[in-house]
>>> print(open('my_file08.pdb').read())   # PDB, C-alpha atoms
ATOM      1  CA  MET A   1     -74.652 -51.533  44.155
ATOM      2  CA  GLU A   2     -73.183 -48.021  44.013
ATOM      3  CA  ALA A   3     -69.827 -47.915  42.229
ATOM      4  CA  ARG A   4     -67.170 -45.780  43.883
ATOM      5  CA  GLN A   5     -63.965 -44.626  42.265
ATOM      6  CA  SER A   6     -61.141 -45.597  44.591
ATOM      7  CA  LYS A   7     -58.130 -43.357  45.006
ATOM      8  CA  PRO A   8     -54.752 -44.898  44.233
ATOM      9  CA  ASP A   9     -52.979 -46.395  47.225
ATOM     10  CA  ALA A  10     -50.182 -44.215  48.602
ATOM     11  CA  GLN A  11     -47.723 -47.033  47.961
ATOM     12  CA  ASP A  12     -48.650 -47.017  44.264
ATOM     13  CA  CYS A  13     -47.955 -43.270  44.032
ATOM     14  CA  GLN A  14     -44.349 -43.439  45.174
ATOM     15  CA  VAL A  15     -41.745 -42.184  42.722
ATOM     16  CA  LEU A  16     -38.204 -43.305  43.502
ATOM     17  CA  LEU A  17     -35.624 -40.619  42.776
ATOM     18  CA  SER A  18     -31.848 -40.632  43.149
ATOM     19  CA  PRO A  19     -30.390 -38.856  46.212
ATOM     20  CA  GLU A  20     -28.918 -36.210  43.894
ATOM     21  CA  ARG A  21     -32.310 -35.513  42.269
ATOM     22  CA  ILE A  22     -33.959 -35.203  45.698
ATOM     23  CA  ALA A  23     -31.213 -32.812  46.819
ATOM     24  CA  LEU A  24     -31.642 -30.777  43.634
ATOM     25  CA  TYR A  25     -35.365 -30.307  44.255
ATOM     26  CA  GLY A  26     -34.469 -29.138  47.766
ATOM     27  CA  ASP A  27     -32.013 -26.526  46.453
ATOM     28  CA  SER A  28     -33.658 -23.100  46.793
ATOM     29  CA  ASN A  29     -31.343 -21.481  44.221
ATOM     30  CA  TRP A  30     -32.238 -24.072  41.586
ATOM     31  CA  ARG A  31     -35.952 -23.831  42.348
ATOM     32  CA  CYS A  32     -35.929 -20.038  42.166
ATOM     33  CA  SER A  33     -34.057 -20.075  38.848
ATOM     34  CA  VAL A  34     -36.443 -22.572  37.255
ATOM     35  CA  LEU A  35     -39.565 -20.864  38.605
ATOM     36  CA  GLU A  36     -38.338 -17.506  37.293
ATOM     37  CA  ALA A  37     -37.702 -19.058  33.868
ATOM     38  CA  VAL A  38     -41.195 -20.619  33.851
ATOM     39  CA  HIS A  39     -42.782 -17.309  34.844
ATOM     40  CA  ASN A  40     -40.928 -15.497  32.047
ATOM     41  CA  ALA A  41     -41.968 -18.156  29.520
ATOM     42  CA  ILE A  42     -45.707 -17.907  30.165
ATOM     43  CA  LYS A  43     -46.245 -14.345  31.419
ATOM     44  CA  HIS A  44     -47.112 -12.889  27.996
ATOM     45  CA  LYS A  45     -49.237 -15.847  26.880
ATOM     46  CA  VAL A  46     -53.036 -15.973  27.031
ATOM     47  CA  SER A  47     -54.532 -19.433  27.628
ATOM     48  CA  PRO A  48     -51.246 -21.053  26.573
ATOM     49  CA  LEU A  49     -50.827 -24.716  25.742
ATOM     50  CA  CYS A  50     -47.699 -25.822  27.607
ATOM     51  CA  PHE A  51     -46.002 -29.127  26.881
ATOM     52  CA  VAL A  52     -43.661 -30.740  29.434
ATOM     53  CA  ALA A  53     -41.428 -32.921  27.279
ATOM     54  CA  ASP A  54     -39.613 -34.905  29.973
ATOM     55  CA  ASP A  55     -40.433 -36.579  33.313
ATOM     56  CA  SER A  56     -40.486 -33.383  35.355
ATOM     57  CA  ILE A  57     -43.325 -33.504  37.858
ATOM     58  CA  PHE A  58     -41.823 -30.323  39.302
ATOM     59  CA  LEU A  59     -42.319 -28.386  36.055
ATOM     60  CA  THR A  60     -45.809 -29.788  35.514
ATOM     61  CA  ILE A  61     -46.996 -28.576  38.917
ATOM     62  CA  ALA A  62     -45.080 -25.282  38.682
ATOM     63  CA  ILE A  63     -46.628 -24.347  35.326
ATOM     64  CA  ALA A  64     -50.113 -25.346  36.467
ATOM     65  CA  GLN A  65     -49.830 -23.145  39.559
ATOM     66  CA  LEU A  66     -48.010 -20.169  38.016
ATOM     67  CA  GLY A  67     -50.317 -20.181  34.983
ATOM     68  CA  ARG A  68     -53.666 -20.250  36.778
ATOM     69  CA  ALA A  69     -54.313 -16.559  36.094
ATOM     70  CA  SER A  70     -53.629 -17.000  32.370
ATOM     71  CA  ASN A  71     -55.811 -20.130  32.107
ATOM     72  CA  VAL A  72     -52.917 -22.404  31.220
ATOM     73  CA  ASN A  73     -53.365 -25.885  29.754
ATOM     74  CA  VAL A  74     -50.547 -28.333  30.619
ATOM     75  CA  LYS A  75     -49.794 -31.550  28.779
ATOM     76  CA  SER A  76     -47.032 -33.783  30.130
ATOM     77  CA  ALA A  77     -45.293 -36.591  28.263
ATOM     78  CA  PHE A  78     -43.736 -38.462  31.229
ATOM     79  CA  PRO A  79     -41.885 -40.852  28.856
ATOM     80  CA  GLY A  80     -40.307 -42.723  31.761
ATOM     81  CA  LEU A  81     -42.771 -42.246  34.601
ATOM     82  CA  GLY A  82     -45.905 -42.904  32.569
ATOM     83  CA  GLU A  83     -48.958 -43.796  34.667
ATOM     84  CA  LYS A  84     -46.963 -43.623  37.901
ATOM     85  CA  GLY A  85     -46.324 -39.920  37.238
ATOM     86  CA  GLU A  86     -50.025 -39.307  36.670
ATOM     87  CA  GLN A  87     -50.903 -41.081  39.925
ATOM     88  CA  TYR A  88     -48.336 -39.013  41.792
ATOM     89  CA  LEU A  89     -49.767 -35.780  40.362
ATOM     90  CA  GLN A  90     -53.244 -36.815  41.471
ATOM     91  CA  ALA A  91     -51.994 -37.647  44.972
ATOM     92  CA  VAL A  92     -50.308 -34.221  45.228
ATOM     93  CA  ALA A  93     -53.476 -32.491  43.998
ATOM     94  CA  ASP A  94     -55.638 -34.377  46.521
ATOM     95  CA  SER A  95     -53.261 -33.609  49.385
ATOM     96  CA  ASN A  96     -53.078 -29.899  48.564
ATOM     97  CA  GLY A  97     -56.717 -29.360  47.656
ATOM     98  CA  TYR A  98     -56.426 -28.240  44.045
ATOM     99  CA  SER A  99     -57.828 -29.569  40.788
ATOM    100  CA  MET A 100     -55.931 -31.356  38.038
ATOM    101  CA  ASP A 101     -58.378 -30.132  35.400
ATOM    102  CA  CYS A 102     -55.713 -28.142  33.544
ATOM    103  CA  ILE A 103     -53.212 -31.069  33.444
ATOM    104  CA  THR A 104     -53.260 -33.972  31.001
ATOM    105  CA  VAL A 105     -50.746 -36.810  30.903
ATOM    106  CA  LEU A 106     -50.436 -38.058  27.336
ATOM    107  CA  LYS A 107     -50.359 -41.753  26.505
ATOM    108  CA  GLN A 108     -48.863 -41.462  23.014
ATOM    109  CA  ARG A 109     -45.208 -41.787  22.142
ATOM    110  CA  TYR A 110     -43.568 -38.836  20.414
ATOM    111  CA  SER A 111     -43.703 -40.596  17.055
ATOM    112  CA  GLY A 112     -47.481 -40.827  17.420
ATOM    113  CA  LEU A 113     -48.173 -37.258  18.515
ATOM    114  CA  ASN A 114     -50.438 -35.222  16.237
ATOM    115  CA  MET A 115     -52.901 -32.345  16.385
ATOM    116  CA  GLU A 116     -55.548 -34.709  17.732
ATOM    117  CA  ALA A 117     -53.478 -35.176  20.895
ATOM    118  CA  THR A 118     -53.492 -31.392  21.433
ATOM    119  CA  HIS A 119     -57.167 -31.007  20.403
ATOM    120  CA  GLY A 120     -56.229 -29.070  17.292
ATOM    121  CA  ARG A 121     -54.030 -26.554  19.094
ATOM    122  CA  LYS A 122     -50.389 -25.681  18.545
ATOM    123  CA  VAL A 123     -47.953 -25.796  21.455
ATOM    124  CA  ASP A 124     -47.161 -22.313  22.820
ATOM    125  CA  VAL A 125     -44.556 -23.285  25.424
ATOM    126  CA  LEU A 126     -42.286 -26.358  25.320
ATOM    127  CA  VAL A 127     -40.311 -27.054  28.491
ATOM    128  CA  ALA A 128     -38.039 -29.603  30.160
ATOM    129  CA  GLU A 129     -35.474 -29.591  32.982
ATOM    130  CA  PRO A 130     -34.363 -31.832  31.161
ATOM    131  CA  PHE A 131     -34.804 -34.929  33.353
ATOM    132  CA  TYR A 132     -35.587 -38.466  32.183
ATOM    133  CA  TYR A 133     -36.634 -40.892  34.905
ATOM    134  CA  GLY A 134     -34.175 -43.709  35.524
ATOM    135  CA  ARG A 135     -31.497 -42.145  33.308
ATOM    136  CA  ASP A 136     -29.666 -39.910  35.810
ATOM    137  CA  GLY A 137     -26.460 -41.919  35.422
ATOM    138  CA  LEU A 138     -25.983 -41.290  31.706
ATOM    139  CA  LEU A 139     -23.574 -38.917  29.992
ATOM    140  CA  PRO A 140     -24.644 -35.232  30.070
ATOM    141  CA  TRP A 141     -25.257 -34.939  26.314
ATOM    142  CA  GLN A 142     -27.679 -37.864  26.370
ATOM    143  CA  ASN A 143     -30.147 -35.388  27.862
ATOM    144  CA  LEU A 144     -30.114 -33.841  24.372
ATOM    145  CA  ARG A 145     -32.917 -36.321  23.882
ATOM    146  CA  PHE A 146     -34.989 -33.190  24.589
ATOM    147  CA  TRP A 147     -33.669 -31.643  21.356
ATOM    148  CA  LYS A 148     -34.516 -34.773  19.390
ATOM    149  CA  GLU A 149     -38.054 -34.851  20.770
ATOM    150  CA  ARG A 150     -38.475 -31.134  20.120
ATOM    151  CA  THR A 151     -37.539 -31.882  16.499
ATOM    152  CA  MET A 152     -40.179 -34.618  16.281
ATOM    153  CA  MET A 153     -42.739 -32.105  17.553
ATOM    154  CA  GLU A 154     -41.886 -29.467  14.923
ATOM    155  CA  PRO A 155     -45.319 -29.671  13.172
ATOM    156  CA  LEU A 156     -47.081 -29.120  16.517
ATOM    157  CA  LEU A 157     -45.161 -25.994  17.556
ATOM    158  CA  SER A 158     -46.638 -22.524  17.116
ATOM    159  CA  LYS A 159     -44.668 -19.898  15.201
ATOM    160  CA  ASP A 160     -43.863 -17.951  18.364
ATOM    161  CA  VAL A 161     -43.293 -20.993  20.580
ATOM    162  CA  VAL A 162     -41.192 -20.432  23.711
ATOM    163  CA  ILE A 163     -38.719 -23.257  24.292
ATOM    164  CA  MET A 164     -37.135 -23.759  27.719
ATOM    165  CA  PRO A 165     -34.250 -24.409  27.863
ATOM    166  CA  CYS A 166     -33.589 -22.575  24.617
ATOM    167  CA  LYS A 167     -29.943 -23.551  24.291
ATOM    168  CA  GLY A 168     -27.334 -25.967  25.611
ATOM    169  CA  LEU A 169     -23.636 -25.101  25.946
ATOM    170  CA  LEU A 170     -21.111 -27.943  25.840
ATOM    171  CA  LYS A 171     -18.359 -26.984  28.281
ATOM    172  CA  ALA A 172     -14.962 -28.589  28.794
ATOM    173  CA  CYS A 173     -12.105 -28.278  31.244
ATOM    174  CA  ALA A 174      -8.700 -29.979  31.510
ATOM    175  CA  MET A 175      -8.179 -31.568  34.926
ATOM    176  CA  TYR A 176      -5.798 -33.406  37.209
ATOM    177  CA  LEU A 177      -7.604 -36.704  37.986
ATOM    178  CA  ALA A 178      -4.906 -39.012  39.343
ATOM    179  CA  ASP A 179      -7.123 -41.213  41.515
ATOM    180  CA  LEU A 180      -9.733 -41.695  38.808
ATOM    181  CA  TRP A 181      -7.097 -42.400  36.142
ATOM    182  CA  ARG A 182      -5.423 -45.086  38.274
ATOM    183  CA  SER A 183      -8.773 -46.734  39.005
ATOM    184  CA  ARG A 184      -9.559 -47.042  35.278
ATOM    185  CA  GLN A 185      -6.223 -48.369  34.032
ATOM    186  CA  CYS A 186      -6.289 -51.024  31.344
ATOM    187  CA  LEU A 187      -6.358 -54.651  32.500
ATOM    188  CA  LYS A 188      -4.439 -57.377  30.671
ATOM    189  CA  HIS A 189      -3.349 -60.763  32.008
ATOM    190  CA  ILE A 190      -3.749 -61.243  35.751
ATOM    191  CA  GLU A 191      -2.821 -64.555  37.362
ATOM    192  CA  GLY A 192      -2.902 -66.157  33.920
ATOM    193  CA  PHE A 193      -6.406 -64.918  33.081
ATOM    194  CA  ASP A 194      -7.177 -62.543  30.216
ATOM    195  CA  HIS A 195      -9.151 -59.612  31.646
ATOM    196  CA  SER A 196      -9.125 -57.509  28.487
ATOM    197  CA  VAL A 197     -12.900 -57.894  28.020
ATOM    198  CA  VAL A 198     -13.315 -55.678  31.095
ATOM    199  CA  ASN A 199     -11.648 -52.810  29.244
ATOM    200  CA  SER A 200     -14.390 -52.509  26.652
ATOM    201  CA  THR A 201     -17.199 -53.426  29.069
ATOM    202  CA  LEU A 202     -16.391 -50.913  31.813
ATOM    203  CA  GLY A 203     -14.159 -48.509  29.927
ATOM    204  CA  ALA A 204     -10.417 -48.218  30.460
ATOM    205  CA  CYS A 205      -7.472 -45.919  29.841
ATOM    206  CA  GLY A 206      -3.718 -46.435  29.534
ATOM    207  CA  ASP A 207      -1.877 -49.094  27.535
ATOM    208  CA  LEU A 208      -4.882 -49.886  25.337
ATOM    209  CA  PRO A 209      -4.380 -51.878  22.122
ATOM    210  CA  ALA A 210      -3.466 -49.828  19.044
ATOM    211  CA  GLY A 211      -6.451 -48.043  17.520
ATOM    212  CA  GLU A 212      -8.535 -48.128  20.696
ATOM    213  CA  GLY A 213      -9.282 -44.975  22.667
ATOM    214  CA  SER A 214     -10.795 -44.596  26.084
ATOM    215  CA  PRO A 215     -14.545 -43.865  25.985
ATOM    216  CA  CYS A 216     -16.280 -40.941  27.649
ATOM    217  CA  LEU A 217     -17.709 -42.137  30.956
ATOM    218  CA  PRO A 218     -20.114 -40.467  33.432
ATOM    219  CA  PHE A 219     -18.784 -39.606  36.892
ATOM    220  CA  PHE A 220     -19.541 -37.268  39.769
ATOM    221  CA  ILE A 221     -16.231 -35.392  39.756
ATOM    222  CA  TRP A 222     -16.617 -34.496  43.409
ATOM    223  CA  GLN A 223     -16.505 -38.232  44.184
ATOM    224  CA  CYS A 224     -13.320 -38.887  42.178
ATOM    225  CA  GLY A 225     -10.695 -38.341  44.867
ATOM    226  CA  GLU A 226      -8.069 -35.646  44.458
ATOM    227  CA  THR A 227      -8.839 -33.341  41.529
ATOM    228  CA  LYS A 228      -7.691 -29.956  40.259
ATOM    229  CA  LYS A 229      -8.661 -27.733  37.354
ATOM    230  CA  LEU A 230      -5.752 -27.044  34.999
ATOM    231  CA  SER A 231      -7.620 -24.679  32.673
ATOM    232  CA  GLU A 232     -10.601 -22.355  32.679
ATOM    233  CA  PRO A 233     -13.841 -23.918  31.381
ATOM    234  CA  ILE A 234     -14.402 -23.219  27.686
ATOM    235  CA  THR A 235     -17.448 -23.496  25.431
ATOM    236  CA  VAL A 236     -16.860 -26.049  22.684
ATOM    237  CA  MET A 237     -20.309 -26.219  21.057
ATOM    238  CA  GLU A 238     -23.738 -24.596  21.235
ATOM    239  CA  PHE A 239     -26.966 -26.537  20.740
ATOM    240  CA  ASN A 240     -29.783 -24.261  19.584
ATOM    241  CA  PHE A 241     -33.110 -25.795  20.591
ATOM    242  CA  GLN A 242     -35.002 -23.123  18.652
ATOM    243  CA  GLU A 243     -34.037 -25.073  15.534
ATOM    244  CA  PRO A 244     -34.480 -28.772  14.625
ATOM    245  CA  MET A 245     -31.687 -31.147  15.625
ATOM    246  CA  ARG A 246     -28.856 -31.541  13.139
ATOM    247  CA  LEU A 247     -25.309 -32.807  12.809
ATOM    248  CA  CYS A 248     -23.086 -30.296  14.567
ATOM    249  CA  SER A 249     -19.456 -29.932  15.501
ATOM    250  CA  GLY A 250     -17.188 -27.492  17.237
ATOM    251  CA  GLU A 251     -13.632 -26.901  18.340
ATOM    252  CA  ALA A 252     -11.835 -24.750  20.860
ATOM    253  CA  GLU A 253      -8.396 -24.223  22.366
ATOM    254  CA  PHE A 254      -7.331 -24.391  26.025
ATOM    255  CA  GLU A 255      -4.658 -22.286  27.637
ATOM    256  CA  PHE A 256      -3.507 -24.057  30.768
ATOM    257  CA  THR A 257      -3.751 -21.880  33.867
ATOM    258  CA  GLU A 258      -2.139 -24.295  36.328
ATOM    259  CA  PRO A 259       0.970 -26.500  36.002
ATOM    260  CA  GLY A 260       0.685 -30.225  36.664
ATOM    261  CA  LEU A 261      -0.291 -33.567  35.185
ATOM    262  CA  CYS A 262      -3.349 -33.594  32.938
ATOM    263  CA  HIS A 263      -5.214 -36.901  33.130
ATOM    264  CA  GLY A 264      -8.165 -35.990  30.955
ATOM    265  CA  LEU A 265     -11.046 -33.747  30.019
ATOM    266  CA  VAL A 266     -14.248 -33.131  31.937
ATOM    267  CA  LEU A 267     -17.289 -32.191  29.842
ATOM    268  CA  TRP A 268     -20.771 -31.039  30.794
ATOM    269  CA  ILE A 269     -23.725 -29.009  29.523
ATOM    270  CA  ASP A 270     -24.894 -25.645  30.811
ATOM    271  CA  TRP A 271     -28.617 -25.126  30.143
ATOM    272  CA  VAL A 272     -29.619 -21.633  28.988
ATOM    273  CA  MET A 273     -33.185 -21.309  30.238
ATOM    274  CA  ASP A 274     -34.257 -18.060  28.553
ATOM    275  CA  ALA A 275     -33.664 -16.197  25.300
ATOM    276  CA  GLY A 276     -32.015 -13.311  27.169
ATOM    277  CA  GLU A 277     -29.464 -15.775  28.622
ATOM    278  CA  SER A 278     -30.048 -14.319  32.085
ATOM    279  CA  ILE A 279     -30.802 -17.721  33.657
ATOM    280  CA  ILE A 280     -28.181 -20.426  33.112
ATOM    281  CA  ILE A 281     -28.126 -23.685  35.041
ATOM    282  CA  SER A 282     -24.660 -25.194  35.115
ATOM    283  CA  THR A 283     -24.068 -28.928  35.585
ATOM    284  CA  GLY A 284     -20.280 -28.575  35.885
ATOM    285  CA  PRO A 285     -17.771 -30.128  38.334
ATOM    286  CA  GLU A 286     -18.691 -27.711  41.148
ATOM    287  CA  GLN A 287     -22.267 -29.009  41.078
ATOM    288  CA  ARG A 288     -22.958 -32.183  43.062
ATOM    289  CA  TYR A 289     -26.367 -32.959  41.526
ATOM    290  CA  TRP A 290     -25.223 -34.037  38.052
ATOM    291  CA  LYS A 291     -22.654 -36.387  36.582
ATOM    292  CA  GLN A 292     -20.086 -35.002  34.158
ATOM    293  CA  GLY A 293     -18.571 -36.748  31.149
ATOM    294  CA  VAL A 294     -14.895 -37.699  31.525
ATOM    295  CA  LYS A 295     -12.486 -38.436  28.672
ATOM    296  CA  LEU A 296      -9.325 -39.929  30.191
ATOM    297  CA  LEU A 297      -6.012 -39.776  28.337
ATOM    298  CA  GLU A 298      -3.938 -42.759  27.227
ATOM    299  CA  LYS A 299      -1.104 -41.400  29.376
ATOM    300  CA  PRO A 300      -0.994 -38.333  31.675
ATOM    301  CA  VAL A 301       0.519 -35.260  30.035
ATOM    302  CA  THR A 302       2.684 -32.654  31.782
ATOM    303  CA  VAL A 303       1.248 -29.174  31.253
ATOM    304  CA  GLN A 304       2.556 -25.735  32.071
ATOM    305  CA  SER A 305       0.957 -22.329  32.469
ATOM    306  CA  GLY A 306       2.556 -19.285  30.907
ATOM    307  CA  GLU A 307       5.852 -19.882  29.097
ATOM    308  CA  CYS A 308       6.391 -23.489  28.021
ATOM    309  CA  ILE A 309       9.425 -25.465  29.064
ATOM    310  CA  SER A 310      10.858 -28.523  27.366
ATOM    311  CA  GLY A 311       8.756 -31.655  27.739
ATOM    312  CA  SER A 312       5.547 -29.841  28.719
ATOM    313  CA  HIS A 313       2.558 -28.330  26.919
ATOM    314  CA  CYS A 314       0.959 -24.906  27.365
ATOM    315  CA  SER A 315      -2.253 -25.396  25.382
ATOM    316  CA  SER A 316      -4.441 -27.986  23.738
ATOM    317  CA  LYS A 317      -7.161 -28.212  21.104
ATOM    318  CA  ILE A 318     -10.456 -30.062  21.483
ATOM    319  CA  VAL A 319     -12.666 -31.099  18.568
ATOM    320  CA  CYS A 320     -16.178 -32.483  19.145
ATOM    321  CA  SER A 321     -19.011 -33.618  16.900
ATOM    322  CA  LEU A 322     -22.542 -34.772  17.733
ATOM    323  CA  ASP A 323     -24.367 -37.452  15.756
ATOM    324  CA  PRO A 324     -28.097 -36.534  15.894
ATOM    325  CA  ARG A 325     -29.203 -40.104  15.199
ATOM    326  CA  SER A 326     -27.528 -41.652  18.220
ATOM    327  CA  ALA A 327     -26.805 -38.509  20.291
ATOM    328  CA  ASP A 328     -23.219 -39.806  20.577
ATOM    329  CA  LEU A 329     -20.497 -37.229  21.061
ATOM    330  CA  SER A 330     -17.026 -37.836  19.624
ATOM    331  CA  VAL A 331     -14.173 -36.066  21.413
ATOM    332  CA  GLU A 332     -10.607 -35.590  20.176
ATOM    333  CA  LEU A 333      -7.870 -33.797  22.085
ATOM    334  CA  THR A 334      -4.443 -32.741  20.865
ATOM    335  CA  PHE A 335      -1.709 -30.974  22.846
ATOM    336  CA  VAL A 336       0.302 -28.059  21.497
TER     337      VAL A 336
END
>>> encode(input="my_file08.pdb", output="structure tokens")
Amino acid sequence: MEARQSKPDAQDCQVLLSPERIALYGDSNWRCSVLEAVHNAIKHKVSPLCFVADDSIFLTIAIAQLGRASNVNVKSAFPGLGEKGEQYLQAVADSNGYSMDCITVLKQRYSGLNMEATHGRKVDVLVAEPFYYGRDGLLPWQNLRFWKERTMMEPLLSKDVVIMPCKGLLKACAMYLADLWRSRQCLKHIEGFDHSVVNSTLGACGDLPAGEGSPCLPFFIWQCGETKKLSEPITVMEFNFQEPMRLCSGEAEFEFTEPGLCHGLVLWIDWVMDAGESIIISTGPEQRYWKQGVKLLEKPVTVQSGECISGSHCSSKIVCSLDPRSADLSVELTFV
């Protein structure tokens, strides 16, 4: 009997994405920015080995198509998608009539990657959006997983490797967030029942026990009711992906530009896609595709722009540090 290789069923090739991720891939400005960055990364390379470090099917296909003239070789990790990502790539290739010969989906984990996985070659281009399947709802800096994985790949990177994005900028802004603050207020005893466990489980602000601070939580700011920026966005830290991951910290000062009640800080990462810093993808509050990190205050603070008056504050200082082992970011804010 003749054996025939069956194509995967269309149902098996489905990849479920969040509405925000689908909208992002439909955004022409985002697509043009990423495609320009990819083109710049590979245009001076001959037969480059490109490694897609995250779950970006978009980048895998883009590099394969843009790099055809330079005989590109693409290897994708797909740490979350795995085999489903490979099946989807094959379905796209079949539907559009092109070959997947230049694309390989690796089976190894990062800890097991070696020169054998790259057939003795060093990686010329390392890229990511970054996007990790099923993890859209996490805090922005948890996408620094890309930096950690880049560090694990250090022995496999060529001396002139191009890394995209090449840098991450931790941004912060003081904001009026009355509706969000009220919705996260600390719970105590309600109808005789102790609800304090909810505070640590879901995160809470206001009237917390001594020594406890509110955690940073991920939110779409545009979904948080009435909001207003009280300061200009500032850069608190820079993460240089050209170098291995390390313990890093930073601090910066705000000058308030609007009077009002400050309920907390909003933090996000801007991704610098090229060494010339000409292509920067912001994930800040104006963008509806990404969640931002929010650090709510114990109690709202009255702030003032310009000359300070009694009982208000005109500036504040933020101090942040990143633990490379856990990718946790500590945030401290003091008002001046």
>>> resolve_selection(input="my_file08.pdb", expression="the PyMOL selection byres ((chain A and resi 330) around 6)", output="number ranges by chain")
A: 320-321, 329, 331
>>> resolve_selection(input="my_file08.pdb", expression="the PyMOL selection byres ((chain A and resi 314) around 9)", output="list in words")
Phe254, Glu255, Phe256, Thr257, Pro259, Val303, Gln304, Ser305, Gly306, Glu307, Cys308, Ile309, Ser312, His313, Ser315, Ser316, Phe335 and Val336 of chain A
>>> closest_residue(input="my_file08.pdb", among="A:Tyr98, A:Trp222, A:Trp290, A:Trp268", to="Asp136 of chain A", atoms="all atoms listed in the file")
A:Trp290
>>> closest_residue(input="my_file08.pdb", among="A:Gly82, A:Asp328, A:Pro300, A:Phe219", to="Gln287 of chain A", atoms="all atoms listed in the file")
A:Phe219
>>> residues_around(input="my_file08.pdb", residues="Phe51 of chain A", least_positions_apart="4", cutoff="9 Å", atoms="only C-alpha atoms", output="list of chain:residue names")
A:Thr60, A:Asn73, A:Val74, A:Lys75, A:Ser76, A:Ala77, A:Val123, A:Asp124, A:Val125, A:Leu126, A:Val127, A:Ala128
>>> resolve_selection(input="my_file08.pdb", expression="the PyMOL selection byres ((chain A and resi 279) around 12)", output="list in words")
Asn29, Trp30, Arg31, Cys32, Ser33, Val34, Leu35, Glu36, Ala37, Val38, Asn40, Ala41, Met164, Pro165, Cys166, Lys167, Asp270, Trp271, Val272, Met273, Asp274, Ala275, Gly276, Glu277, Ser278, Ile280, Ile281 and Ser282 of chain A
>>> atom_distance(input="my_file08.pdb", atom1="atom CA of Tyr88 of chain A", atom2="atom CA of Ile57 of chain A")
8.4 Å
>>> axis_aligned_box(input="my_file08.pdb", around="segment 32-37 of chain A", padding_each_side="6 Å", output="JSON")
{"center_x": -36.8, "center_y": -20.0, "center_z": 38.0, "size_x": 17.5, "size_y": 17.1, "size_z": 20.3}
>>> residues_around(input="my_file08.pdb", residues="Leu113 of chain A", least_positions_apart="4", cutoff="10 Å", atoms="only C-alpha atoms", output="number ranges by chain")
A: 106-109, 117-118, 152-153, 155-156
>>> residues_near_point(input="my_file08.pdb", point="(-18.9, -26.5, 15.3)", cutoff="10 Å", atoms="all atoms listed in the file", output="CSV table (one decimal) with C-alpha atoms, in the frame of the given file")
chain,number,residue,atom,x,y,z
A,236,VAL,CA,-16.9,-26.0,22.7
A,237,MET,CA,-20.3,-26.2,21.1
A,238,GLU,CA,-23.7,-24.6,21.2
A,239,PHE,CA,-27.0,-26.5,20.7
A,247,LEU,CA,-25.3,-32.8,12.8
A,248,CYS,CA,-23.1,-30.3,14.6
A,249,SER,CA,-19.5,-29.9,15.5
A,250,GLY,CA,-17.2,-27.5,17.2
A,251,GLU,CA,-13.6,-26.9,18.3
A,252,ALA,CA,-11.8,-24.8,20.9
A,319,VAL,CA,-12.7,-31.1,18.6
A,320,CYS,CA,-16.2,-32.5,19.1
A,321,SER,CA,-19.0,-33.6,16.9
A,322,LEU,CA,-22.5,-34.8,17.7
>>> atom_distance(input="my_file08.pdb", atom1="atom CA of Asp54 of chain A", atom2="atom CA of Glu149 of chain A")
9.3 Å
>>> closest_residue(input="my_file08.pdb", among="A:Gly206, A:Gly26, A:Gly168, A:Gly264", to="Thr302 of chain A", atoms="all atoms listed in the file")
A:Gly264
>>> atom_distance(input="my_file08.pdb", atom1="atom CA of Ala64 of chain A", atom2="atom CA of Tyr110 of chain A")
22.0 Å
>>> closest_residue(input="my_file08.pdb", among="A:Pro233, A:Pro244, A:Gly213, A:Gly80", to="Tyr132 of chain A", atoms="all atoms listed in the file")
A:Gly80
>>> closest_residue(input="my_file08.pdb", among="A:Lys299, A:Lys291, A:Arg135, A:His44", to="Leu177 of chain A", atoms="only C-alpha atoms")
A:Lys299
